[in-house]
Structures are given as structure tokens and as C-alpha cells.
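Novice: The file below is start_34.cif, mmCIF, C-alpha atoms and all ligand atoms:
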```cif
data_target
loop_
_atom_site.group_PDB
_atom_site.id
_atom_site.type_symbol
_atom_site.label_atom_id
_atom_site.label_comp_id
_atom_site.auth_asym_id
_atom_site.auth_seq_id
_atom_site.Cartn_x
_atom_site.Cartn_y
_atom_site.Cartn_z
ATOM 1 C CA MET A 1 112.051 84.557 87.600
ATOM 2 C CA LEU A 2 114.011 87.814 87.642
ATOM 3 C CA LYS A 3 112.884 89.791 84.640
ATOM 4 C CA GLU A 4 115.348 90.037 81.786
ATOM 5 C CA SER A 5 114.701 93.763 81.664
ATOM 6 C CA ILE A 6 116.259 94.165 85.097
ATOM 7 C CA MET A 7 119.304 92.136 84.212
ATOM 8 C CA ASN A 8 119.795 93.976 80.924
ATOM 9 C CA ASP A 9 119.416 97.417 82.401
ATOM 10 C CA ASN A 10 122.498 99.622 82.052
ATOM 11 C CA ASN A 11 122.969 99.490 85.813
ATOM 12 C CA HIS A 12 122.435 95.761 85.786
ATOM 13 C CA SER A 13 121.629 95.451 89.504
ATOM 14 C CA GLN A 14 119.136 98.324 89.510
ATOM 15 C CA ILE A 15 115.410 97.748 89.894
ATOM 16 C CA ARG A 16 113.338 100.357 88.074
ATOM 17 C CA LEU A 17 110.794 101.700 90.521
ATOM 18 C CA THR A 18 107.652 103.800 90.180
ATOM 19 C CA ILE A 19 106.494 105.531 93.351
ATOM 20 C CA ILE A 20 102.828 106.573 93.533
ATOM 21 C CA GLY A 21 102.195 109.221 96.181
ATOM 22 C CA ILE A 22 105.719 110.555 95.671
ATOM 23 C CA THR A 23 104.994 113.928 97.315
ATOM 24 C CA GLY A 24 103.541 112.414 100.489
ATOM 25 C CA ARG A 25 105.304 111.518 103.744
ATOM 26 C CA MET A 26 105.793 107.873 102.772
ATOM 27 C CA GLY A 27 106.512 108.484 99.084
ATOM 28 C CA ARG A 28 109.342 110.820 100.047
ATOM 29 C CA ALA A 29 110.709 108.384 102.628
ATOM 30 C CA VAL A 30 110.781 105.583 100.021
ATOM 31 C CA ALA A 31 112.483 107.870 97.494
ATOM 32 C CA MET A 32 115.123 108.857 100.048
ATOM 33 C CA GLN A 33 115.930 105.196 100.797
ATOM 34 C CA ALA A 34 115.805 104.011 97.189
ATOM 35 C CA ARG A 35 119.289 105.284 96.461
ATOM 36 C CA SER A 36 121.038 101.942 96.102
ATOM 37 C CA SER A 37 119.623 98.956 94.150
ATOM 38 C CA PHE A 38 116.767 101.083 92.761
ATOM 39 C CA THR A 39 116.329 103.783 90.134
ATOM 40 C CA ILE A 40 113.146 105.815 90.401
ATOM 41 C CA THR A 41 111.910 105.816 86.831
ATOM 42 C CA GLY A 42 108.344 106.871 87.617
ATOM 43 C CA ALA A 43 106.942 109.397 90.088
ATOM 44 C CA ILE A 44 103.197 109.975 90.463
ATOM 45 C CA ALA A 45 101.345 112.566 92.546
ATOM 46 C CA SER A 46 97.667 113.517 92.615
ATOM 47 C CA ASP A 47 96.040 115.407 89.730
ATOM 48 C CA SER A 48 95.972 118.600 91.725
ATOM 49 C CA SER A 49 99.583 118.491 92.888
ATOM 50 C CA ARG A 50 101.560 121.673 92.374
ATOM 51 C CA TYR A 51 104.604 119.485 91.682
ATOM 52 C CA ILE A 52 103.288 117.967 88.423
ATOM 53 C CA GLY A 53 105.801 118.592 85.609
ATOM 54 C CA LYS A 54 108.677 119.241 87.996
ATOM 55 C CA THR A 55 111.608 116.851 88.434
ATOM 56 C CA LEU A 56 112.400 115.021 91.667
ATOM 57 C CA SER A 57 115.596 117.035 91.806
ATOM 58 C CA GLU A 58 113.737 120.372 91.434
ATOM 59 C CA VAL A 59 111.444 119.610 94.372
ATOM 60 C CA GLY A 60 114.265 118.226 96.525
ATOM 61 C CA ILE A 61 112.963 114.642 96.796
ATOM 62 C CA SER A 62 115.969 113.004 95.115
ATOM 63 C CA PRO A 63 118.826 114.043 92.806
ATOM 64 C CA LEU A 64 117.096 112.307 89.836
ATOM 65 C CA GLN A 65 115.658 114.102 86.811
ATOM 66 C CA THR A 66 112.516 111.897 86.794
ATOM 67 C CA VAL A 67 109.468 114.075 86.115
ATOM 68 C CA ILE A 68 106.492 113.967 88.500
ATOM 69 C CA GLU A 69 103.296 113.096 86.635
ATOM 70 C CA GLY A 70 99.607 112.737 87.447
ATOM 71 C CA PRO A 71 97.684 109.443 87.849
ATOM 72 C CA GLU A 72 96.719 109.373 84.119
ATOM 73 C CA ALA A 73 100.372 108.472 83.369
ATOM 74 C CA ILE A 74 100.416 105.424 85.648
ATOM 75 C CA ARG A 75 100.034 102.760 82.960
ATOM 76 C CA ASP A 76 102.828 104.135 80.742
ATOM 77 C CA VAL A 77 105.213 104.936 83.569
ATOM 78 C CA ALA A 78 104.653 101.727 85.520
ATOM 79 C CA SER A 79 104.960 99.500 82.461
ATOM 80 C CA ARG A 80 108.492 100.842 82.036
ATOM 81 C CA SER A 81 109.330 99.868 85.643
ATOM 82 C CA ASP A 82 110.011 96.562 87.371
ATOM 83 C CA ALA A 83 108.029 97.428 90.517
ATOM 84 C CA VAL A 84 105.520 99.960 91.826
ATOM 85 C CA ILE A 85 105.243 101.138 95.433
ATOM 86 C CA SER A 86 102.081 103.075 96.252
ATOM 87 C CA PHE A 87 101.218 105.062 99.383
ATOM 88 C CA THR A 88 98.144 107.228 98.760
ATOM 89 C CA ASN A 89 94.590 106.841 100.090
ATOM 90 C CA PRO A 90 91.984 104.070 99.589
ATOM 91 C CA GLU A 91 89.903 105.948 96.989
ATOM 92 C CA ALA A 92 92.991 106.762 94.911
ATOM 93 C CA GLU A 93 94.192 103.134 95.040
ATOM 94 C CA VAL A 94 90.834 101.892 93.738
ATOM 95 C CA LYS A 95 90.870 104.534 90.983
ATOM 96 C CA ASN A 96 94.441 103.696 89.944
ATOM 97 C CA ALA A 97 94.051 99.906 90.027
ATOM 98 C CA LYS A 98 92.980 99.359 86.398
ATOM 99 C CA LYS A 99 96.011 101.281 85.092
ATOM 100 C CA LEU A 100 98.283 99.274 87.373
ATOM 101 C CA SER A 101 96.748 96.041 86.158
ATOM 102 C CA GLU A 102 97.399 97.101 82.554
ATOM 103 C CA ALA A 103 101.019 97.913 83.424
ATOM 104 C CA GLY A 104 101.368 94.383 84.791
ATOM 105 C CA VAL A 105 104.423 94.781 87.068
ATOM 106 C CA ALA A 106 105.040 93.750 90.691
ATOM 107 C CA THR A 107 102.994 96.110 92.885
ATOM 108 C CA LEU A 108 103.246 96.942 96.586
ATOM 109 C CA ILE A 109 100.426 98.905 98.199
ATOM 110 C CA GLY A 110 101.062 100.384 101.638
ATOM 111 C CA THR A 111 97.928 102.503 101.872
ATOM 112 C CA THR A 112 95.704 101.723 104.865
ATOM 113 C CA GLY A 113 92.038 102.262 105.697
ATOM 114 C CA PHE A 114 90.439 100.077 102.996
ATOM 115 C CA ASN A 115 86.954 98.725 103.643
ATOM 116 C CA GLU A 116 86.254 95.106 102.733
ATOM 117 C CA GLU A 117 84.739 96.033 99.373
ATOM 118 C CA GLN A 118 87.695 98.201 98.330
ATOM 119 C CA ARG A 119 90.184 95.544 99.368
ATOM 120 C CA ALA A 120 88.357 92.800 97.471
ATOM 121 C CA LEU A 121 88.111 94.990 94.370
ATOM 122 C CA LEU A 122 91.841 95.746 94.448
ATOM 123 C CA ILE A 123 92.768 92.089 94.813
ATOM 124 C CA LYS A 124 90.462 91.154 91.926
ATOM 125 C CA THR A 125 91.666 93.933 89.600
ATOM 126 C CA LEU A 126 95.335 93.244 90.316
ATOM 127 C CA SER A 127 95.130 89.446 90.149
ATOM 128 C CA ASN A 128 97.339 89.358 87.029
ATOM 129 C CA LEU A 129 100.470 90.568 88.841
ATOM 130 C CA PRO A 130 102.612 89.890 91.913
ATOM 131 C CA LEU A 131 100.809 91.924 94.599
ATOM 132 C CA LEU A 132 101.671 92.761 98.171
ATOM 133 C CA ILE A 133 99.168 94.859 100.144
ATOM 134 C CA SER A 134 100.396 95.445 103.670
ATOM 135 C CA PRO A 135 99.318 97.959 106.312
ATOM 136 C CA ASN A 136 102.824 97.793 107.772
ATOM 137 C CA PHE A 137 105.983 97.175 105.797
ATOM 138 C CA SER A 138 108.292 97.349 108.812
ATOM 139 C CA LEU A 139 110.071 94.068 109.474
ATOM 140 C CA GLY A 140 109.654 94.499 113.248
ATOM 141 C CA ALA A 141 105.886 94.944 112.989
ATOM 142 C CA THR A 142 105.708 91.785 110.889
ATOM 143 C CA ALA A 143 107.520 89.955 113.698
ATOM 144 C CA LEU A 144 105.003 91.464 116.159
ATOM 145 C CA LEU A 145 102.149 90.019 114.079
ATOM 146 C CA VAL A 146 103.748 86.561 114.044
ATOM 147 C CA LEU A 147 104.492 86.665 117.796
ATOM 148 C CA SER A 148 100.968 87.877 118.619
ATOM 149 C CA ARG A 149 99.400 85.059 116.624
ATOM 150 C CA ALA A 150 101.681 82.503 118.323
ATOM 151 C CA SER A 151 100.853 83.941 121.788
ATOM 152 C CA ALA A 152 97.121 83.754 121.055
ATOM 153 C CA SER A 153 97.544 80.068 120.142
ATOM 154 C CA MET A 154 99.380 79.327 123.387
ATOM 155 C CA LEU A 155 97.594 81.535 125.923
ATOM 156 C CA THR A 156 94.065 80.294 125.434
ATOM 157 C CA ASP A 157 92.755 81.721 128.766
ATOM 158 C CA PHE A 158 94.328 85.159 128.403
ATOM 159 C CA ASP A 159 92.417 88.277 127.319
ATOM 160 C CA PHE A 160 94.077 90.047 124.389
ATOM 161 C CA SER A 161 94.038 93.806 123.846
ATOM 162 C CA ILE A 162 95.839 96.131 121.436
ATOM 163 C CA VAL A 163 96.773 99.753 122.041
ATOM 164 C CA GLU A 164 98.053 101.725 119.066
ATOM 165 C CA MET A 165 99.390 105.283 119.026
ATOM 166 C CA HIS A 166 100.010 107.458 115.962
ATOM 167 C CA HIS A 167 100.625 111.079 114.922
ATOM 168 C CA SER A 168 97.683 113.451 114.903
ATOM 169 C CA ALA A 169 97.529 113.609 111.057
ATOM 170 C CA LYS A 170 96.698 109.898 110.732
ATOM 171 C CA LYS A 171 93.248 109.615 109.159
ATOM 172 C CA ASP A 172 92.106 106.039 109.795
ATOM 173 C CA SER A 173 91.651 104.341 113.135
ATOM 174 C CA PRO A 174 92.296 101.780 114.422
ATOM 175 C CA SER A 175 95.483 101.533 112.369
ATOM 176 C CA GLY A 176 95.621 98.920 109.609
ATOM 177 C CA THR A 177 98.351 97.160 111.571
ATOM 178 C CA ALA A 178 96.187 96.959 114.707
ATOM 179 C CA ARG A 179 93.336 95.566 112.621
ATOM 180 C CA GLN A 180 95.618 92.991 111.034
ATOM 181 C CA ILE A 181 96.968 91.818 114.421
ATOM 182 C CA ALA A 182 93.436 91.829 115.862
ATOM 183 C CA GLU A 183 92.231 89.565 113.038
ATOM 184 C CA ALA A 184 95.098 87.117 113.642
ATOM 185 C CA VAL A 185 94.409 87.005 117.415
ATOM 186 C CA MET A 186 90.632 86.756 116.942
ATOM 187 C CA GLU A 187 91.024 83.792 114.627
ATOM 188 C CA LYS A 188 93.194 81.925 117.160
ATOM 189 C CA ARG A 189 91.123 82.870 120.220
ATOM 190 C CA GLY A 190 87.684 82.539 118.610
ATOM 191 C CA TYR A 191 86.746 86.140 119.430
ATOM 192 C CA ASN A 192 83.803 87.411 117.395
ATOM 193 C CA SER A 193 83.566 91.152 118.131
ATOM 194 C CA ILE A 194 85.834 94.182 118.520
ATOM 195 C CA ILE A 195 85.407 97.003 121.040
ATOM 196 C CA ASN A 196 87.297 100.243 120.385
ATOM 197 C CA GLY A 197 86.964 101.881 123.802
ATOM 198 C CA ARG A 198 84.944 101.794 127.002
ATOM 199 C CA SER A 199 82.813 104.242 128.877
ATOM 200 C CA GLY A 200 80.370 103.798 131.748
ATOM 201 C CA ILE A 201 79.531 100.226 132.722
ATOM 202 C CA SER A 202 81.289 98.048 130.166
ATOM 203 C CA LEU A 203 82.411 94.625 131.336
ATOM 204 C CA ARG A 204 84.735 92.725 129.050
ATOM 205 C CA LYS A 205 82.903 89.948 127.273
ATOM 206 C CA GLN A 206 84.653 86.628 126.826
ATOM 207 C CA GLU A 207 84.735 86.672 123.047
ATOM 208 C CA GLU A 208 85.628 90.305 122.637
ATOM 209 C CA MET A 209 88.801 91.821 121.170
ATOM 210 C CA GLU A 210 89.807 95.195 122.603
ATOM 211 C CA VAL A 211 91.558 97.662 120.250
ATOM 212 C CA LEU A 212 92.281 101.192 121.459
ATOM 213 C CA SER A 213 93.637 104.127 119.419
ATOM 214 C CA VAL A 214 95.567 107.145 120.680
ATOM 215 C CA ARG A 215 96.324 110.111 118.370
ATOM 216 C CA GLY A 216 98.697 112.996 118.960
ATOM 217 C CA GLY A 217 102.003 114.659 118.136
ATOM 218 C CA GLY A 218 104.325 113.058 115.611
ATOM 219 C CA ASN A 219 104.555 109.396 116.621
ATOM 220 C CA PRO A 220 105.084 107.331 113.418
ATOM 221 C CA GLY A 221 103.549 104.216 114.982
ATOM 222 C CA LEU A 222 103.427 102.301 118.273
ATOM 223 C CA HIS A 223 101.606 98.969 118.653
ATOM 224 C CA THR A 224 101.304 97.216 122.003
ATOM 225 C CA VAL A 225 99.682 93.818 122.253
ATOM 226 C CA ILE A 226 98.702 92.932 125.815
ATOM 227 C CA ALA A 227 97.687 89.445 126.911
ATOM 228 C CA ASN A 228 96.190 89.534 130.412
ATOM 229 C CA GLY A 229 95.987 86.323 132.421
ATOM 230 C CA GLN A 230 94.609 85.983 135.959
ATOM 231 C CA TYR A 231 98.027 86.158 137.622
ATOM 232 C CA GLU A 232 100.380 87.446 134.945
ATOM 233 C CA TYR A 233 100.422 89.376 131.710
ATOM 234 C CA ILE A 234 102.675 89.719 128.714
ATOM 235 C CA ARG A 235 103.181 92.802 126.604
ATOM 236 C CA LEU A 236 104.578 92.710 123.086
ATOM 237 C CA GLU A 237 105.492 96.113 121.743
ATOM 238 C CA HIS A 238 106.763 97.595 118.528
ATOM 239 C CA GLN A 239 107.705 101.252 118.157
ATOM 240 C CA VAL A 240 108.707 102.623 114.773
ATOM 241 C CA LEU A 241 111.488 105.162 115.257
ATOM 242 C CA SER A 242 110.960 106.841 111.891
ATOM 243 C CA ARG A 243 109.089 106.330 108.606
ATOM 244 C CA ASP A 244 112.346 104.954 107.264
ATOM 245 C CA ALA A 245 111.370 101.634 108.867
ATOM 246 C CA PHE A 246 108.340 101.386 106.533
ATOM 247 C CA ALA A 247 110.325 102.632 103.534
ATOM 248 C CA ALA A 248 113.204 100.202 104.089
ATOM 249 C CA GLY A 249 110.742 97.332 104.575
ATOM 250 C CA ALA A 250 108.837 98.244 101.405
ATOM 251 C CA LEU A 251 112.054 98.291 99.375
ATOM 252 C CA HIS A 252 113.184 94.997 100.928
ATOM 253 C CA ALA A 253 109.810 93.501 99.957
ATOM 254 C CA ALA A 254 110.010 94.993 96.426
ATOM 255 C CA LYS A 255 113.333 93.221 95.784
ATOM 256 C CA TRP A 256 111.618 89.987 96.826
ATOM 257 C CA LEU A 257 108.365 90.587 94.916
ATOM 258 C CA VAL A 258 109.929 91.299 91.488
ATOM 259 C CA LYS A 259 111.069 87.669 91.381
ATOM 260 C CA LYS A 260 107.610 86.259 92.111
ATOM 261 C CA GLU A 261 104.857 84.911 89.892
ATOM 262 C CA PRO A 262 101.446 86.681 89.914
ATOM 263 C CA GLY A 263 99.613 86.176 93.212
ATOM 264 C CA VAL A 264 98.803 87.894 96.483
ATOM 265 C CA TYR A 265 101.658 87.915 99.000
ATOM 266 C CA SER A 266 102.153 89.180 102.560
ATOM 267 C CA MET A 267 105.061 90.532 104.594
ATOM 268 C CA GLU A 268 105.062 87.194 106.399
ATOM 269 C CA ASP A 269 105.798 85.555 103.026
ATOM 270 C CA VAL A 270 108.652 88.029 102.496
ATOM 271 C CA LEU A 271 110.172 87.051 105.866
ATOM 272 C CA GLY A 272 109.601 83.357 105.217
ATOM 273 C CA PHE A 273 106.806 82.691 107.768
HETATM 274 N N1 LIG B 301 102.094 100.160 104.983
HETATM 275 C C1 LIG B 301 102.884 100.904 105.738
HETATM 276 O O1 LIG B 301 103.948 100.460 106.216
HETATM 277 C C2 LIG B 301 102.492 102.334 106.022
HETATM 278 C C3 LIG B 301 103.325 103.181 106.770
HETATM 279 C C4 LIG B 301 102.950 104.511 106.932
HETATM 280 C C5 LIG B 301 101.785 104.986 106.344
HETATM 281 N N2 LIG B 301 100.985 104.133 105.657
HETATM 282 C C6 LIG B 301 99.773 104.581 104.964
HETATM 283 O O2 LIG B 301 100.171 105.116 103.688
HETATM 284 C C7 LIG B 301 99.198 106.071 103.243
HETATM 285 C C8 LIG B 301 99.879 107.375 102.859
HETATM 286 O O3 LIG B 301 100.463 107.931 104.020
HETATM 287 P P1 LIG B 301 101.273 109.300 103.961
HETATM 288 O O4 LIG B 301 101.546 109.654 105.374
HETATM 289 O O5 LIG B 301 102.395 109.224 102.983
HETATM 290 O O6 LIG B 301 100.118 110.256 103.372
HETATM 291 P P2 LIG B 301 100.281 111.690 102.681
HETATM 292 O O7 LIG B 301 101.489 112.381 103.195
HETATM 293 O O8 LIG B 301 98.960 112.347 102.797
HETATM 294 O O9 LIG B 301 100.584 111.332 101.127
HETATM 295 C C9 LIG B 301 99.599 110.832 100.247
HETATM 296 C C10 LIG B 301 100.115 110.937 98.842
HETATM 297 O O10 LIG B 301 99.161 110.386 97.928
HETATM 298 C C11 LIG B 301 99.052 111.261 96.818
HETATM 299 N N3 LIG B 301 97.785 111.051 96.114
HETATM 300 C C12 LIG B 301 96.529 111.408 96.494
HETATM 301 N N4 LIG B 301 95.637 111.029 95.551
HETATM 302 C C13 LIG B 301 96.345 110.417 94.574
HETATM 303 C C14 LIG B 301 96.011 109.807 93.332
HETATM 304 N N5 LIG B 301 94.720 109.760 92.900
HETATM 305 N N6 LIG B 301 96.995 109.258 92.597
HETATM 306 C C15 LIG B 301 98.276 109.313 92.982
HETATM 307 N N7 LIG B 301 98.669 109.902 94.130
HETATM 308 C C16 LIG B 301 97.716 110.437 94.921
HETATM 309 C C17 LIG B 301 99.178 112.623 97.451
HETATM 310 O O11 LIG B 301 99.471 113.602 96.478
HETATM 311 P P3 LIG B 301 99.068 115.162 96.757
HETATM 312 O O12 LIG B 301 100.039 115.632 97.803
HETATM 313 O O13 LIG B 301 99.246 115.799 95.446
HETATM 314 O O14 LIG B 301 97.635 115.146 97.243
HETATM 315 C C18 LIG B 301 100.377 112.363 98.376
HETATM 316 O O15 LIG B 301 101.578 112.371 97.629
HETATM 317 C C19 LIG B 301 98.189 106.187 104.411
HETATM 318 O O16 LIG B 301 97.097 105.353 104.144
HETATM 319 C C20 LIG B 301 98.972 105.679 105.623
HETATM 320 O O17 LIG B 301 98.156 105.179 106.643
HETATM 321 C C21 LIG B 301 101.321 102.825 105.485
#
```
Translate this file's structure into C-alpha cells.

Specialist:
Amino acid sequence: MLKESIMNDNNHSQIRLTIIGITGRMGRAVAMQARSSFTITGAIASDSSRYIGKTLSEVGISPLQTVIEGPEAIRDVASRSDAVISFTNPEAEVKNAKKLSEAGVATLIGTTGFNEEQRALLIKTLSNLPLLISPNFSLGATALLVLSRASASMLTDFDFSIVEMHHSAKKDSPSGTARQIAEAVMEKRGYNSIINGRSGISLRKQEEMEVLSVRGGGNPGLHTVIANGQYEYIRLEHQVLSRDAFAAGALHAAKWLVKKEPGVYSMEDVLGF
């Protein structure tokens, strides 16, 4: 149910949003897009940020007077919001999770690069709230995931590969999105191993998923899923044109998530698949 606090807010249609990682590439993109339907009531950067204590307006992120605070303020700030969107790094997410759990509001985590243990810990710690952890908030990439899974169900003799390309500052590889699509394809095709590149004599094994990463320049994210048959192939491709695609998708998902009961949700749930 939509929280009363949202309905009773002065701007009755506004969702109060806390952004964690506000000074980063994604945090800024979300803040830029959160102009209508949202009010940024909380802004969190790392402990060592030179922006702590400054307002969003002072640092040119948004015209709002919301003060940027460090992670120790997460519980207080988030509990006065309706939703939290967080784009940081895996270690920071794990560190911040207890405070988020105590705040108890709908939480969207876009950070990528979690290992299994970190992911499981996050899901356990945040089990008391509506939670959406997605390596790709873009609506198009979610469609790519759905289409890839459907293709893997249909094309049972085809060999599936993924090529992903991102800007040179991206830390983790393969991308979280490529890993997510690979998992969906592997489940349908019964693949049991992943190869991330070839060199020398390296024949493709029958139950092997191929995932290749390219890094360079400023590309915000390209994912190509290739299904090779003996006499034909299909190629499904999604290119993000700017980070605004992730930001807009995260905000779209936040509007959906604030109305949900506690539980773990996916972007496929948001799009009704
Ligand atoms: N799900 C998606 O759709 C999607 C799309 C794009 C990117 N991503 C992922 O999102 C993550 C962030 O990407 P980015 O490009 O925005 O990175 P970035 O530019 O490096 O920004 C990271 C932000 O996290 C902050 N931070 C670091 N430690 C923190 C802590 N303990 N508490 C609170 N904030 C902390 C940093 O603050 P300081 O500047 O003070 O260090 C910075 O604001 C990456 O994992 C990336 O792969 C996901």
C-alpha cells in the first residue's frame, strides 16, 4: 500500500528519495532525473568525500538545499524518506546494509560486482523491506534479458555467447548484466561453465557459456547476445545511449517499489514479466 507519509507530504505526489553515492556518475544522473515526482531528501557520499556538509545546490548536482552527509547518517536520513537508491561499490553496500535495514524503507541497489557471499548477506540483512537489487535498471536491458532467456528455451541446438563493452573506468568484469543474462541462458541450456576469453587451442565445449568483455573509452554499456546455429545466427543487442537510461529506469522502479510489501523484487517484476 502507498505509504500515508507520501500522500500527506506537502507536495502530495512527491516521493521522498535518499540517494547513496550522490557524488558518483550514477548518483548524479539519478539526481538530475529526479526532478519531477521525487524530492531528494537525503544525499549520502563516502566518509572521505570533500562534498560532505555542502548542499546539492552548492556542488551543482541539483537546485535543492539538501545537505550531503556521510554513511553514518544513513539510518536517520533514509528513515525520513520513502525510497533509497544506492549506487556505490560492493564493500560499501555491505557496510551500509544494517543502517538501511533499520531505516526500513523501499531500497534499490544498482551497484554491481557482488560475490555470492556479499549478495546473500545483503538479501538477508535487508529482508525486512521491499528490495530491488539489479545490475541494470534500464528497461531495454531488462527486455534483452527476457528475450535472451526465451531464445535459449527455443534454440536448444544453438551456442550462446555474450559480448559486453563498457567505458575504461568500469571496475568489474564481466558486467553484472552480462552475468545475469548468462545465468538465465545457462539455466535454460543446461550449460555448466563460463569461459571469459580464448587463446591458443580452445575448442568450444558443448556445455560452455562464452562471455567476453571489452573495455575502453566512454561507452556506458553495450550487451550483445549471440546465438549461433549451424546455418544461421541471431544477435540481440542493447546499447545504452547515456547513463540517463539507468537513472530513469531506477526512478521508474522506485515508484513501483514504494507500493510493495517487503520482499526481493527484480526489474522483470517491475515490467510485469
Ligand atoms: N544497475 C545499473 O543500472 C547500473 C548502471 C551503471 C552503473 N552501475 C554500477 O553502479 C556502481 C556505481 O557506479 P558509478 O559509475 O556511479 O561509480 P562512481 O562514479 O565511482 O560513484 C560511486 C559513489 O559511491 C560513493 N561511495 C563510496 N563508498 C561509499 C560509502 N561507504 N557510502 C556511501 N557512498 C559511498 C562514492 O563517493 P566518493 O566519491 O566520496 O568516493 C561515489 O559517490 C558500480 O558498481 C557500477 O557498476 C549500475

Novice: Determine the residue membership of the PyMOL selection byres (((chain A and resi 227) around 8) and not hetatm) for the file above and supply it as number ranges by chain.

Specialist: A: 155, 158-161, 225-226, 228-229, 233-235

Novice: What is the atom CA of A:Met209 to atom CA of A:Glu117 distance in Å?

Specialist: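 If I compute the distance from atom CA of A:Met209 to atom CA of A:Glu117, I get 22.6 Å.
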
Novice: List the residues selected by the PyMOL selection byres (((chain A and resi 241-245) around 10) and not hetatm) in the file shown, writing them as a list of chain:residue names.

Specialist: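 This file gives the following for the PyMOL selection byres (((chain A and resi 241-245) around 10) and not hetatm): A:Arg25, A:Met26, A:Arg28, A:Ala29, A:Val30, A:Met32, A:Gln33, A:Asn136, A:Phe137, A:Ser138, A:Leu139, A:Gly140, A:Ala141, A:Gly218, A:Asn219, A:Pro220, A:Gly221, A:Leu222, A:His238, A:Gln239, A:Val240, A:Phe246, A:Ala247, A:Ala248, A:Gly249, A:Ala250.
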
Novice: Go through A:Ser193, A:Thr39, A:Thr18, A:Thr111 one by one, measure the shortest atom-to-atom distance of each to ligand LIG 301 (chain B) using all atoms listed in the file, and give the residue with the smallest value.

Specialist: A:Thr111

Novice: What are the closest atom pairs, with distances in Å to one decimal, for all residues of chain A lying within 6 Å of ligand LIG 301 (chain B)? Consider only C-alpha atoms and all ligand atoms, order rows by chain and residue number, and present the result as JSON lines.

Specialist:
```
{"residue": "A:Ile20", "atom": "CA", "partner": "B:LIG301", "partner_atom": "C15", "distance": 5.3}
{"residue": "A:Gly21", "atom": "CA", "partner": "B:LIG301", "partner_atom": "O15", "distance": 3.5}
{"residue": "A:Ile22", "atom": "CA", "partner": "B:LIG301", "partner_atom": "O15", "distance": 4.9}
{"residue": "A:Thr23", "atom": "CA", "partner": "B:LIG301", "partner_atom": "O15", "distance": 3.8}
{"residue": "A:Gly24", "atom": "CA", "partner": "B:LIG301", "partner_atom": "O9", "distance": 3.2}
{"residue": "A:Arg25", "atom": "CA", "partner": "B:LIG301", "partner_atom": "O5", "distance": 3.8}
{"residue": "A:Met26", "atom": "CA", "partner": "B:LIG301", "partner_atom": "O5", "distance": 3.7}
{"residue": "A:Gly27", "atom": "CA", "partner": "B:LIG301", "partner_atom": "O5", "distance": 5.7}
{"residue": "A:Ile44", "atom": "CA", "partner": "B:LIG301", "partner_atom": "C15", "distance": 5.6}
{"residue": "A:Ala45", "atom": "CA", "partner": "B:LIG301", "partner_atom": "N7", "distance": 4.1}
{"residue": "A:Ser46", "atom": "CA", "partner": "B:LIG301", "partner_atom": "C16", "distance": 3.8}
{"residue": "A:Ser48", "atom": "CA", "partner": "B:LIG301", "partner_atom": "O13", "distance": 5.7}
{"residue": "A:Ser49", "atom": "CA", "partner": "B:LIG301", "partner_atom": "O13", "distance": 3.7}
{"residue": "A:Pro71", "atom": "CA", "partner": "B:LIG301", "partner_atom": "N6", "distance": 4.8}
{"residue": "A:Phe87", "atom": "CA", "partner": "B:LIG301", "partner_atom": "C8", "distance": 4.4}
{"residue": "A:Thr88", "atom": "CA", "partner": "B:LIG301", "partner_atom": "O10", "distance": 3.4}
{"residue": "A:Asn89", "atom": "CA", "partner": "B:LIG301", "partner_atom": "O16", "distance": 5.0}
{"residue": "A:Ala92", "atom": "CA", "partner": "B:LIG301", "partner_atom": "N5", "distance": 4.0}
{"residue": "A:Gly110", "atom": "CA", "partner": "B:LIG301", "partner_atom": "N1", "distance": 3.5}
{"residue": "A:Thr111", "atom": "CA", "partner": "B:LIG301", "partner_atom": "O16", "distance": 3.7}
{"residue": "A:Thr112", "atom": "CA", "partner": "B:LIG301", "partner_atom": "O16", "distance": 4.0}
{"residue": "A:Ser134", "atom": "CA", "partner": "B:LIG301", "partner_atom": "N1", "distance": 5.2}
{"residue": "A:Pro135", "atom": "CA", "partner": "B:LIG301", "partner_atom": "N1", "distance": 3.8}
{"residue": "A:Asn136", "atom": "CA", "partner": "B:LIG301", "partner_atom": "O1", "distance": 3.3}
{"residue": "A:Phe137", "atom": "CA", "partner": "B:LIG301", "partner_atom": "O1", "distance": 3.9}
{"residue": "A:Ser138", "atom": "CA", "partner": "B:LIG301", "partner_atom": "O1", "distance": 5.9}
{"residue": "A:Phe246", "atom": "CA", "partner": "B:LIG301", "partner_atom": "O1", "distance": 4.5}
```

Novice: Between A:Ser127, A:Ser199, A:Ser148, A:Thr55, single out the one closest to A:Glu69, counting all atoms listed in the file.

Specialist: A:Thr55

Novice: If you measure from atom CA of A:Asp157 to atom CA of A:Gln230, what distance in Å do you get, rounded to one decimal?

Specialist: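 Interatomic distance, atom CA of A:Asp157 to atom CA of A:Gln230: 8.6 Å.
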
Novice: Write out as a list in words which residues come within 8 Å of A:Ala78 when counting all atoms listed in the file, dropping same-chain ones fewer than 2 positions away.

Specialist: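 That gives Leu17, Thr18, Gly42, Ile74, Arg75, Asp76, Arg80, Ser81, Asp82, Ala83, Val84, Leu100, Ala103 and Val105 of chain A.
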
Novice: Kindly indicate which residue among A:Gln65, A:Asn192, A:Ser175, A:Gln118 lies nearest to A:Pro90, using only C-alpha atoms for the distances.

Specialist: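 Between A:Gln65, A:Asn192, A:Ser175, A:Gln118, the residue approaching A:Pro90 most closely is A:Gln118.
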
Novice: Rounded to one decimal, what separation in Å do you get between atom CA of A:Gly200 and atom CA of A:Ala182?

Specialist: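 Separation of atom CA of A:Gly200 and atom CA of A:Ala182: 23.8 Å.
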
Novice: Point out the residue among A:Ser168, A:Ser173, A:Ser62, A:Ser79 with the least atom-to-atom distance to A:Asn196, counting all atoms listed in the file.

Specialist: A:Ser173

Novice: Can you pull out every residue within 10 Å of A:Lys205, counting only C-alpha atoms, but drop anything in the same chain fewer than 2 positions away, and send it as a VMD selection string?

Specialist: chain A and resid 159 191 193 195 202 to 203 207 to 210

Novice: Which residues, named as in the file, does the PyMOL selection byres (((chain A and resi 106) around 12) and not hetatm) pick out? Answer as an MDAnalysis selection string.

Specialist: chainID A and resid 1:3 15:18 78:86 100:105 107:109 126:133 253:265
